[in-house]
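The file entry.txt comes next; it holds compact mmCIF, C-alpha atoms.
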```
# COMPACT_ATOMS: atom_id res chain seq x y z
CA MET A 1 45.48 -49.98 114.45
CA THR A 2 48.26 -51.55 112.35
CA HIS A 3 50.27 -49.53 109.90
CA ALA A 4 51.38 -51.05 106.59
CA ALA A 5 55.15 -51.31 106.25
CA SER A 6 56.50 -48.38 104.25
CA VAL A 7 57.71 -49.21 100.75
CA PRO A 8 61.46 -48.55 100.36
CA THR A 9 62.47 -45.82 97.91
CA PRO A 10 64.40 -46.87 94.77
CA TYR A 11 67.55 -45.54 96.45
CA GLU A 12 66.98 -47.59 99.61
CA SER A 13 66.38 -50.69 97.46
CA ALA A 14 69.67 -50.03 95.64
CA ALA A 15 71.55 -49.63 98.93
CA GLU A 16 70.10 -52.92 100.14
CA ALA A 17 71.17 -54.65 96.90
CA ALA A 18 74.68 -53.15 97.16
CA THR A 19 75.06 -54.47 100.72
CA ARG A 20 74.05 -57.96 99.58
CA LEU A 21 76.38 -57.67 96.58
CA SER A 22 79.40 -57.03 98.78
CA GLU A 23 78.46 -60.01 100.98
CA LEU A 24 78.10 -62.38 98.00
CA THR A 25 81.17 -61.21 96.04
CA GLY A 26 83.46 -60.55 98.99
CA VAL A 27 84.32 -57.20 97.38
CA GLU A 28 83.71 -54.32 99.75
CA ARG A 29 83.66 -51.62 97.08
CA HIS A 30 83.47 -51.61 93.28
CA ASP A 31 85.00 -48.83 91.18
CA ILE A 32 83.51 -49.03 87.67
CA ALA A 33 80.30 -50.62 86.42
CA LEU A 34 79.62 -51.98 82.94
CA VAL A 35 76.21 -52.86 81.50
CA LEU A 36 76.56 -55.18 78.52
CA GLY A 37 73.93 -55.05 75.78
CA SER A 38 72.90 -57.52 73.09
CA GLY A 39 75.87 -59.31 71.56
CA TRP A 40 78.46 -57.86 73.96
CA LEU A 41 78.87 -61.00 76.10
CA PRO A 42 82.15 -62.23 74.54
CA ALA A 43 83.79 -58.90 75.39
CA VAL A 44 83.71 -59.73 79.11
CA ASP A 45 86.52 -62.27 79.03
CA ALA A 46 89.02 -59.64 77.91
CA LEU A 47 88.34 -57.47 80.96
CA GLY A 48 90.24 -59.53 83.50
CA GLU A 49 89.81 -62.35 85.96
CA ALA A 50 86.38 -62.90 87.46
CA THR A 51 86.61 -63.01 91.25
CA ALA A 52 82.90 -63.81 91.66
CA GLU A 53 79.81 -64.42 89.56
CA ILE A 54 76.27 -64.34 90.89
CA ASP A 55 72.78 -64.55 89.44
CA THR A 56 71.00 -61.21 89.14
CA THR A 57 68.13 -62.79 91.06
CA ASP A 58 70.46 -63.28 94.07
CA LEU A 59 70.14 -59.55 94.71
CA PRO A 60 66.98 -57.83 95.95
CA GLY A 61 65.11 -55.85 93.29
CA PHE A 62 66.55 -57.67 90.27
CA SER A 63 64.63 -59.89 87.88
CA ALA A 64 65.83 -62.64 85.53
CA ALA A 65 67.08 -61.77 82.03
CA ALA A 66 64.22 -61.77 79.53
CA VAL A 67 66.02 -61.34 76.21
CA GLU A 68 68.11 -63.77 74.15
CA GLY A 69 71.74 -62.63 74.02
CA HIS A 70 71.57 -61.42 77.62
CA SER A 71 72.82 -63.60 80.48
CA GLY A 72 71.20 -63.07 83.89
CA LYS A 73 74.53 -62.83 85.70
CA ILE A 74 76.55 -60.20 87.52
CA ARG A 75 80.31 -60.62 87.54
CA SER A 76 82.91 -59.03 89.76
CA ILE A 77 86.20 -58.67 87.88
CA ARG A 78 89.61 -57.49 89.03
CA SER A 79 91.27 -55.41 86.30
CA GLY A 80 94.59 -53.87 87.30
CA ASP A 81 93.87 -52.09 90.58
CA LYS A 82 90.15 -51.68 89.84
CA ASN A 83 87.14 -53.75 90.84
CA LEU A 84 84.70 -53.92 87.94
CA LEU A 85 81.02 -54.68 88.41
CA VAL A 86 79.74 -56.20 85.17
CA PHE A 87 76.03 -56.67 84.49
CA LEU A 88 75.66 -59.32 81.78
CA SER A 89 72.04 -58.35 81.17
CA ARG A 90 69.70 -55.43 81.59
CA THR A 91 66.00 -54.90 82.18
CA HIS A 92 64.50 -53.17 79.16
CA PHE A 93 61.79 -50.53 79.36
CA TYR A 94 59.59 -52.61 77.02
CA GLU A 95 59.43 -55.45 79.56
CA GLY A 96 56.82 -53.38 81.37
CA LYS A 97 58.42 -53.64 84.82
CA GLY A 98 58.62 -49.88 85.25
CA VAL A 99 61.42 -47.34 85.02
CA ALA A 100 62.73 -48.04 88.53
CA ALA A 101 63.43 -51.67 87.52
CA VAL A 102 65.27 -50.51 84.38
CA VAL A 103 67.69 -48.31 86.36
CA HIS A 104 67.97 -50.46 89.50
CA PRO A 105 71.35 -51.93 88.38
CA VAL A 106 72.73 -48.42 87.81
CA ARG A 107 71.62 -47.25 91.26
CA THR A 108 72.98 -50.44 92.82
CA ALA A 109 76.34 -49.80 91.14
CA ALA A 110 76.40 -46.25 92.52
CA ALA A 111 75.53 -47.54 96.00
CA ALA A 112 78.32 -50.14 95.63
CA GLY A 113 80.85 -47.32 95.18
CA CYS A 114 81.16 -47.04 91.39
CA SER A 115 82.17 -43.56 90.22
CA ALA A 116 81.88 -44.36 86.49
CA ILE A 117 79.67 -46.57 84.34
CA VAL A 118 80.04 -47.92 80.81
CA LEU A 119 76.69 -48.47 79.09
CA THR A 120 76.75 -50.58 75.93
CA ASN A 121 74.06 -51.64 73.49
CA GLY A 122 73.40 -53.19 70.12
CA CYS A 123 71.57 -50.79 67.81
CA GLY A 124 70.63 -49.77 64.30
CA GLY A 125 72.93 -47.33 62.52
CA LEU A 126 71.82 -44.43 60.31
CA LYS A 127 75.10 -42.96 59.15
CA GLN A 128 76.27 -43.59 55.60
CA GLY A 129 79.31 -45.86 55.58
CA TRP A 130 78.73 -47.51 58.96
CA GLN A 131 78.89 -51.29 58.84
CA PRO A 132 77.34 -53.96 61.07
CA GLY A 133 79.82 -54.77 63.83
CA GLN A 134 81.09 -51.20 64.11
CA PRO A 135 81.46 -49.61 67.56
CA VAL A 136 80.32 -45.99 67.92
CA LEU A 137 80.75 -43.71 70.94
CA ILE A 138 77.54 -42.09 72.14
CA SER A 139 77.97 -38.30 72.21
CA ASP A 140 74.40 -37.44 73.26
CA HIS A 141 70.91 -38.92 73.26
CA ILE A 142 67.26 -38.33 72.43
CA ASN A 143 64.91 -40.07 74.86
CA LEU A 144 61.64 -41.00 73.12
CA THR A 145 60.29 -43.18 75.94
CA GLY A 146 58.22 -40.28 77.30
CA THR A 147 59.47 -40.90 80.83
CA SER A 148 62.34 -40.32 83.28
CA PRO A 149 63.87 -42.38 86.10
CA ILE A 150 64.10 -39.28 88.28
CA VAL A 151 61.41 -38.93 90.92
CA GLY A 152 60.05 -35.54 91.98
CA ALA A 153 61.29 -32.03 91.35
CA ASN A 154 64.96 -32.94 91.02
CA PHE A 155 66.30 -31.00 88.03
CA VAL A 156 69.38 -32.87 86.81
CA ASP A 157 71.61 -31.22 84.19
CA LEU A 158 72.33 -33.47 81.19
CA THR A 159 74.44 -31.01 79.16
CA ASP A 160 77.56 -33.20 79.02
CA LEU A 161 75.92 -36.46 80.08
CA TYR A 162 78.22 -38.66 77.97
CA SER A 163 81.63 -37.77 79.38
CA PRO A 164 83.86 -35.91 76.88
CA ARG A 165 86.85 -37.04 78.99
CA LEU A 166 86.00 -40.73 78.65
CA ARG A 167 85.22 -40.39 74.93
CA ALA A 168 88.62 -38.74 74.38
CA MET A 169 90.22 -41.61 76.31
CA CYS A 170 88.56 -44.16 73.99
CA LYS A 171 89.85 -42.29 70.95
CA GLU A 172 93.38 -42.40 72.37
CA VAL A 173 93.05 -46.20 72.45
CA ASP A 174 91.32 -46.42 69.03
CA ASP A 175 91.39 -43.27 66.88
CA SER A 176 89.07 -44.84 64.27
CA LEU A 177 86.07 -44.62 66.62
CA ASP A 178 83.18 -42.50 65.37
CA GLU A 179 80.58 -40.71 67.54
CA GLY A 180 76.84 -40.34 67.26
CA VAL A 181 73.56 -39.36 68.93
CA TYR A 182 71.59 -42.34 70.28
CA VAL A 183 67.80 -42.32 70.01
CA GLN A 184 65.85 -44.60 72.35
CA PHE A 185 62.49 -45.82 71.10
CA PRO A 186 60.22 -47.71 73.53
CA GLY A 187 60.25 -51.03 71.58
CA PRO A 188 60.01 -54.01 71.58
CA HIS A 189 59.04 -53.74 67.89
CA TYR A 190 61.73 -52.39 65.60
CA GLU A 191 61.32 -48.87 64.28
CA THR A 192 59.50 -48.28 61.00
CA PRO A 193 61.44 -46.77 58.09
CA ALA A 194 59.47 -43.52 58.64
CA GLU A 195 60.46 -43.47 62.34
CA VAL A 196 64.09 -44.01 61.38
CA ARG A 197 63.89 -41.06 58.96
CA MET A 198 62.34 -38.99 61.78
CA ALA A 199 65.20 -39.94 64.11
CA GLY A 200 67.68 -38.76 61.47
CA ILE A 201 65.86 -35.45 60.98
CA MET A 202 65.92 -34.95 64.76
CA GLY A 203 69.71 -35.35 64.76
CA GLY A 204 69.99 -39.05 65.64
CA HIS A 205 72.57 -41.49 64.24
CA LEU A 206 71.83 -44.62 66.30
CA VAL A 207 68.44 -46.15 67.15
CA GLY A 208 67.76 -48.66 69.91
CA MET A 209 65.64 -49.64 72.88
CA SER A 210 67.84 -49.04 75.93
CA THR A 211 70.54 -46.88 77.56
CA THR A 212 69.04 -43.37 77.87
CA LEU A 213 67.11 -43.99 81.10
CA GLU A 214 70.16 -45.71 82.62
CA ALA A 215 72.39 -42.81 81.62
CA ILE A 216 70.04 -40.29 83.25
CA ALA A 217 69.95 -42.31 86.49
CA ALA A 218 73.74 -42.57 86.44
CA ARG A 219 74.10 -38.80 86.10
CA GLU A 220 71.61 -38.28 88.94
CA ALA A 221 73.77 -40.59 91.08
CA GLY A 222 76.91 -38.58 90.23
CA MET A 223 78.59 -41.18 88.01
CA GLU A 224 80.66 -40.39 84.94
CA VAL A 225 79.03 -42.03 81.90
CA LEU A 226 80.58 -43.65 78.84
CA GLY A 227 78.15 -44.96 76.21
CA ILE A 228 79.22 -47.29 73.38
CA SER A 229 76.86 -48.61 70.71
CA LEU A 230 77.60 -51.58 68.53
CA VAL A 231 75.97 -51.02 65.14
CA THR A 232 74.51 -54.50 64.65
CA ASN A 233 72.40 -53.65 61.61
CA LEU A 234 71.53 -50.78 59.32
CA ALA A 235 68.33 -49.20 60.64
CA ALA A 236 64.98 -50.07 59.05
CA GLY A 237 64.58 -48.89 55.47
CA LEU A 238 68.29 -48.30 54.86
CA SER A 239 69.39 -51.73 53.65
CA GLY A 240 66.21 -52.91 51.93
CA GLU A 241 66.30 -56.01 54.17
CA PRO A 242 63.95 -56.91 57.06
CA LEU A 243 65.42 -56.78 60.58
CA ASN A 244 65.92 -59.81 62.82
CA HIS A 245 67.32 -60.31 66.32
CA GLU A 246 69.63 -63.18 65.31
CA GLU A 247 71.50 -60.77 63.00
CA VAL A 248 71.99 -58.46 65.95
CA LEU A 249 73.60 -61.26 67.99
CA VAL A 250 75.84 -62.45 65.14
CA ALA A 251 77.19 -58.95 64.44
CA GLY A 252 77.76 -58.47 68.16
CA ARG A 253 79.71 -61.69 68.53
CA SER A 254 81.97 -60.87 65.59
CA ALA A 255 82.93 -57.48 67.03
CA ALA A 256 82.95 -58.37 70.71
CA SER A 257 86.60 -59.40 71.04
CA ARG A 258 87.70 -56.06 69.58
CA MET A 259 85.37 -54.36 72.05
CA GLY A 260 86.76 -56.35 74.97
CA GLY A 261 90.23 -55.12 74.11
CA LEU A 262 89.03 -51.51 73.96
CA LEU A 263 87.08 -51.75 77.21
CA SER A 264 89.95 -53.42 79.10
CA GLN A 265 92.31 -50.61 78.09
CA VAL A 266 89.81 -47.87 78.88
CA VAL A 267 88.59 -49.08 82.29
CA THR A 268 92.10 -49.27 83.72
CA ARG A 269 92.55 -45.57 82.85
CA ILE A 270 89.20 -44.24 84.13
```

For the file at hand, write its structure as structure tokens.
Amino acid sequence: MTHAASVPTPYESAAEAATRLSELTGVERHDIALVLGSGWLPAVDALGEATAEIDTTDLPGFSAAAVEGHSGKIRSIRSGDKNLLVFLSRTHFYEGKGVAAVVHPVRTAAAAGCSAIVLTNGCGGLKQGWQPGQPVLISDHINLTGTSPIVGANFVDLTDLYSPRLRAMCKEVDDSLDEGVYVQFPGPHYETPAEVRMAGIMGGHLVGMSTTLEAIAAREAGMEVLGISLVTNLAAGLSGEPLNHEEVLVAGRSAASRMGGLLSQVVTRI
């Protein structure tokens, strides 16, 4: 009688991807990972010299980028004495590939040696006075996806998920940075004005379609997490204008060089 081959766990898949990553990049161990959200692409060039760039599909368990404004590449960058692992795209929960696929890059980064991760996104802003193109540090989150990347009875504490130490470090570099609570909706449709009001009543300041599941997986893996949102538009119902994805990309591009400068100063200190 033949036995079917056992399916690898998400952690085994990540370890396999990390091994292949070190072969393809020639970098034995990476120190800090960055996941770049919509509109953040131009920030990469400020981080340092790329020592290698590969397609996400070169690694086991990764799929091609599915969203405009995301590039399906992974870059290895040398910044000071640190090796940065930069994901120029992410898999979104709304793509329907499952939670394990969403957090596979995070787990791969942990398996590759990263002790900290910077998660960025483009999102809608709820706070009075915030403008499109404004960066906001994520202080906490509300996960409205109804799911978790953690498998089984593994009770992970999320009390200080978004590192107070790393947020303080960002404010040393740029003391004008504000903070807020990020609310992840499942997407891919934008939130309704009523849902945005609900998010505000619940204590949210930022609304988007990514980040929280990745942050949870990063904490489970023992990584320190820094979250930065780029307010690309005022959330539905606040500006009186309809929302469109092109606006998100334009606002991201205009703020990305400032963000690259911030990130390059912060990662060398982590």

* Take atom CA of Gly204 of chain A and atom CA of Asn121 of chain A and report the distance between them in Å, one decimal. =>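 Between these atoms lies a distance of 15.4 Å.
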
* Could you check how far atom CA of His189 of chain A sits from atom CA of Glu95 of chain A, in Å to one decimal? =>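 Going from atom CA of His189 of chain A over to atom CA of Glu95 of chain A, I get 11.8 Å.
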
* Asked: Once you count all atoms listed in the file, which residues end up no further than 10 Å from (84.2, -42.7, 71.5) in the file's frame, shown as a list in words?
  ->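 Every polymer residue passing the test: Pro135, Val136, Leu137, Ile138, Ser139, Tyr162, Ser163, Pro164, Arg165, Leu166, Arg167, Ala168, Met169, Cys170, Lys171, Glu172, Val173, Asp174, Asp175, Ser176, Leu177, Asp178, Glu179, Gly180, Leu226, Gly227, Ile228 and Ser229 of chain A.
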
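Each of A:Thr212, A:Gln131, A:Thr159, A:Thr120 was compared to Thr145 of chain A using only C-alpha atoms, and A:Thr212 turns out to be the nearest.
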
* Between A:Leu119, A:Leu41, A:Leu161, A:Ile270, single out the one closest to Val106 of chain A, counting only C-alpha atoms. =>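 Result for the nearest residue to Val106 of chain A: A:Leu119.
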
* To do: Identify, on the basis of only C-alpha atoms, every residue whose closest approach to Ala256 of chain A does not exceed 7 Å; exclude the query and any residue fewer than 4 positions from it along the same chain; express the result as a count of residues only.
  => 5

* Asked: For the atom pair atom CA of Leu206 of chain A and atom CA of Pro242 of chain A, what is the interatomic distance in Å to one decimal place?
  ->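 It comes out at 17.3 Å.
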
* Asked: Near segment 195-197 of chain A, within 12 Å and counting only C-alpha atoms, which residues show up once chain neighbours fewer than 4 positions away are dropped, as JSON, numbers by chain?
  -> {"A": [123, 124, 125, 126, 127, 144, 182, 183, 184, 185, 186, 187, 189, 190, 191, 201, 202, 203, 204, 205, 206, 207, 208, 234, 235, 236, 237, 238]}

* Using all atoms listed in the file, find the one residue out of A:Val151, A:Leu262, A:Val7, A:Val156 that sits nearest to Val118 of chain A. =>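 Smallest separation from Val118 of chain A among the options: A:Leu262.
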
* To do: Would you mind telling me which residue in A:Ser79, A:Thr147, A:Ser63, A:Thr211 lies nearest to Gly122 of chain A when using all atoms listed in the file?
  =>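 Closest to Gly122 of chain A, using all atoms listed in the file: A:Thr211.
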
* Can you work out which one of A:Val267, A:Leu85, A:Val250, A:Ala221 has the shortest atom-to-atom distance to Tyr11 of chain A, counting only C-alpha atoms? =>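 Result for the nearest residue to Tyr11 of chain A: A:Ala221.
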
* Cut-off 12 Å around (81.2, -51.5, 90.2) with only C-alpha atoms: residues as a VMD selection string -> chain A and resid 18 21 to 22 25 27 to 35 74 to 79 82 to 87 105 to 118 223 267

* Structure fact -> Across A:Pro188, A:Pro60, A:Pro149, A:Gly48, the smallest distance to Pro8 of chain A, with all atoms listed in the file counted, is shown by A:Pro60

Can I get segment 255-266 of chain A with all heavy atoms filled in, as a PDB file, in the coordinates of the input?
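Output file part_25.pdb follows:
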```
ATOM      1  N   ALA A 255      82.188 -58.687  66.642  1.00  0.00           N
ATOM      2  CA  ALA A 255      82.930 -57.480  67.030  1.00  0.00           C
ATOM      3  C   ALA A 255      83.335 -57.473  68.500  1.00  0.00           C
ATOM      4  O   ALA A 255      84.090 -56.617  68.936  1.00  0.00           O
ATOM      5  CB  ALA A 255      82.083 -56.244  66.741  1.00  0.00           C
ATOM      6  N   ALA A 256      82.821 -58.446  69.255  1.00  0.00           N
ATOM      7  CA  ALA A 256      82.950 -58.370  70.710  1.00  0.00           C
ATOM      8  C   ALA A 256      84.385 -58.488  71.210  1.00  0.00           C
ATOM      9  O   ALA A 256      84.744 -57.862  72.205  1.00  0.00           O
ATOM     10  CB  ALA A 256      82.089 -59.450  71.357  1.00  0.00           C
ATOM     11  N   SER A 257      85.228 -59.261  70.528  1.00  0.00           N
ATOM     12  CA  SER A 257      86.600 -59.400  71.040  1.00  0.00           C
ATOM     13  C   SER A 257      87.345 -58.077  70.891  1.00  0.00           C
ATOM     14  O   SER A 257      88.086 -57.658  71.777  1.00  0.00           O
ATOM     15  CB  SER A 257      87.339 -60.524  70.324  1.00  0.00           C
ATOM     16  OG  SER A 257      87.233 -60.355  68.934  1.00  0.00           O
ATOM     17  N   ARG A 258      87.097 -57.388  69.765  1.00  0.00           N
ATOM     18  CA  ARG A 258      87.700 -56.060  69.580  1.00  0.00           C
ATOM     19  C   ARG A 258      87.234 -55.115  70.688  1.00  0.00           C
ATOM     20  O   ARG A 258      88.005 -54.342  71.241  1.00  0.00           O
ATOM     21  CB  ARG A 258      87.292 -55.519  68.206  1.00  0.00           C
ATOM     22  CG  ARG A 258      87.782 -54.111  67.965  1.00  0.00           C
ATOM     23  CD  ARG A 258      87.238 -53.536  66.662  1.00  0.00           C
ATOM     24  NE  ARG A 258      87.503 -52.106  66.592  1.00  0.00           N
ATOM     25  CZ  ARG A 258      86.953 -51.304  65.709  1.00  0.00           C
ATOM     26  NH1 ARG A 258      86.105 -51.754  64.813  1.00  0.00           N
ATOM     27  NH2 ARG A 258      87.224 -50.005  65.714  1.00  0.00           N
ATOM     28  N   MET A 259      85.929 -55.210  71.019  1.00  0.00           N
ATOM     29  CA  MET A 259      85.370 -54.360  72.050  1.00  0.00           C
ATOM     30  C   MET A 259      85.938 -54.666  73.426  1.00  0.00           C
ATOM     31  O   MET A 259      86.182 -53.786  74.236  1.00  0.00           O
ATOM     32  CB  MET A 259      83.844 -54.539  72.116  1.00  0.00           C
ATOM     33  CG  MET A 259      83.113 -53.944  70.953  1.00  0.00           C
ATOM     34  SD  MET A 259      83.294 -52.144  70.930  1.00  0.00           S
ATOM     35  CE  MET A 259      84.874 -51.942  70.184  1.00  0.00           C
ATOM     36  N   GLY A 260      86.166 -55.962  73.681  1.00  0.00           N
ATOM     37  CA  GLY A 260      86.760 -56.350  74.970  1.00  0.00           C
ATOM     38  C   GLY A 260      88.133 -55.737  75.141  1.00  0.00           C
ATOM     39  O   GLY A 260      88.479 -55.242  76.217  1.00  0.00           O
ATOM     40  N   GLY A 261      88.905 -55.734  74.055  1.00  0.00           N
ATOM     41  CA  GLY A 261      90.230 -55.120  74.110  1.00  0.00           C
ATOM     42  C   GLY A 261      90.151 -53.636  74.403  1.00  0.00           C
ATOM     43  O   GLY A 261      90.896 -53.104  75.228  1.00  0.00           O
ATOM     44  N   LEU A 262      89.224 -52.955  73.729  1.00  0.00           N
ATOM     45  CA  LEU A 262      89.030 -51.510  73.960  1.00  0.00           C
ATOM     46  C   LEU A 262      88.616 -51.246  75.402  1.00  0.00           C
ATOM     47  O   LEU A 262      89.205 -50.408  76.089  1.00  0.00           O
ATOM     48  CB  LEU A 262      87.964 -50.966  72.990  1.00  0.00           C
ATOM     49  CG  LEU A 262      87.530 -49.519  73.230  1.00  0.00           C
ATOM     50  CD1 LEU A 262      88.592 -48.557  72.732  1.00  0.00           C
ATOM     51  CD2 LEU A 262      86.206 -49.213  72.569  1.00  0.00           C
ATOM     52  N   LEU A 263      87.596 -51.974  75.856  1.00  0.00           N
ATOM     53  CA  LEU A 263      87.080 -51.750  77.210  1.00  0.00           C
ATOM     54  C   LEU A 263      88.158 -52.003  78.269  1.00  0.00           C
ATOM     55  O   LEU A 263      88.297 -51.250  79.226  1.00  0.00           O
ATOM     56  CB  LEU A 263      85.869 -52.646  77.486  1.00  0.00           C
ATOM     57  CG  LEU A 263      84.577 -52.309  76.738  1.00  0.00           C
ATOM     58  CD1 LEU A 263      83.501 -53.321  77.058  1.00  0.00           C
ATOM     59  CD2 LEU A 263      84.097 -50.907  77.064  1.00  0.00           C
ATOM     60  N   SER A 264      88.947 -53.090  78.084  1.00  0.00           N
ATOM     61  CA  SER A 264      89.950 -53.420  79.100  1.00  0.00           C
ATOM     62  C   SER A 264      91.000 -52.319  79.199  1.00  0.00           C
ATOM     63  O   SER A 264      91.488 -52.014  80.284  1.00  0.00           O
ATOM     64  CB  SER A 264      90.586 -54.765  78.827  1.00  0.00           C
ATOM     65  OG  SER A 264      91.254 -54.749  77.593  1.00  0.00           O
ATOM     66  N   GLN A 265      91.321 -51.703  78.053  1.00  0.00           N
ATOM     67  CA  GLN A 265      92.310 -50.610  78.090  1.00  0.00           C
ATOM     68  C   GLN A 265      91.726 -49.332  78.689  1.00  0.00           C
ATOM     69  O   GLN A 265      92.406 -48.599  79.386  1.00  0.00           O
ATOM     70  CB  GLN A 265      92.832 -50.331  76.682  1.00  0.00           C
ATOM     71  CG  GLN A 265      93.745 -51.421  76.155  1.00  0.00           C
ATOM     72  CD  GLN A 265      94.323 -51.037  74.796  1.00  0.00           C
ATOM     73  OE1 GLN A 265      95.123 -50.118  74.668  1.00  0.00           O
ATOM     74  NE2 GLN A 265      93.879 -51.733  73.759  1.00  0.00           N
ATOM     75  N   VAL A 266      90.436 -49.108  78.404  1.00  0.00           N
ATOM     76  CA  VAL A 266      89.810 -47.870  78.880  1.00  0.00           C
ATOM     77  C   VAL A 266      89.520 -47.913  80.389  1.00  0.00           C
ATOM     78  O   VAL A 266      89.821 -46.964  81.109  1.00  0.00           O
ATOM     79  CB  VAL A 266      88.518 -47.570  78.089  1.00  0.00           C
ATOM     80  CG1 VAL A 266      87.744 -46.421  78.727  1.00  0.00           C
ATOM     81  CG2 VAL A 266      88.847 -47.218  76.648  1.00  0.00           C
TER      82      VAL A 266
END
```
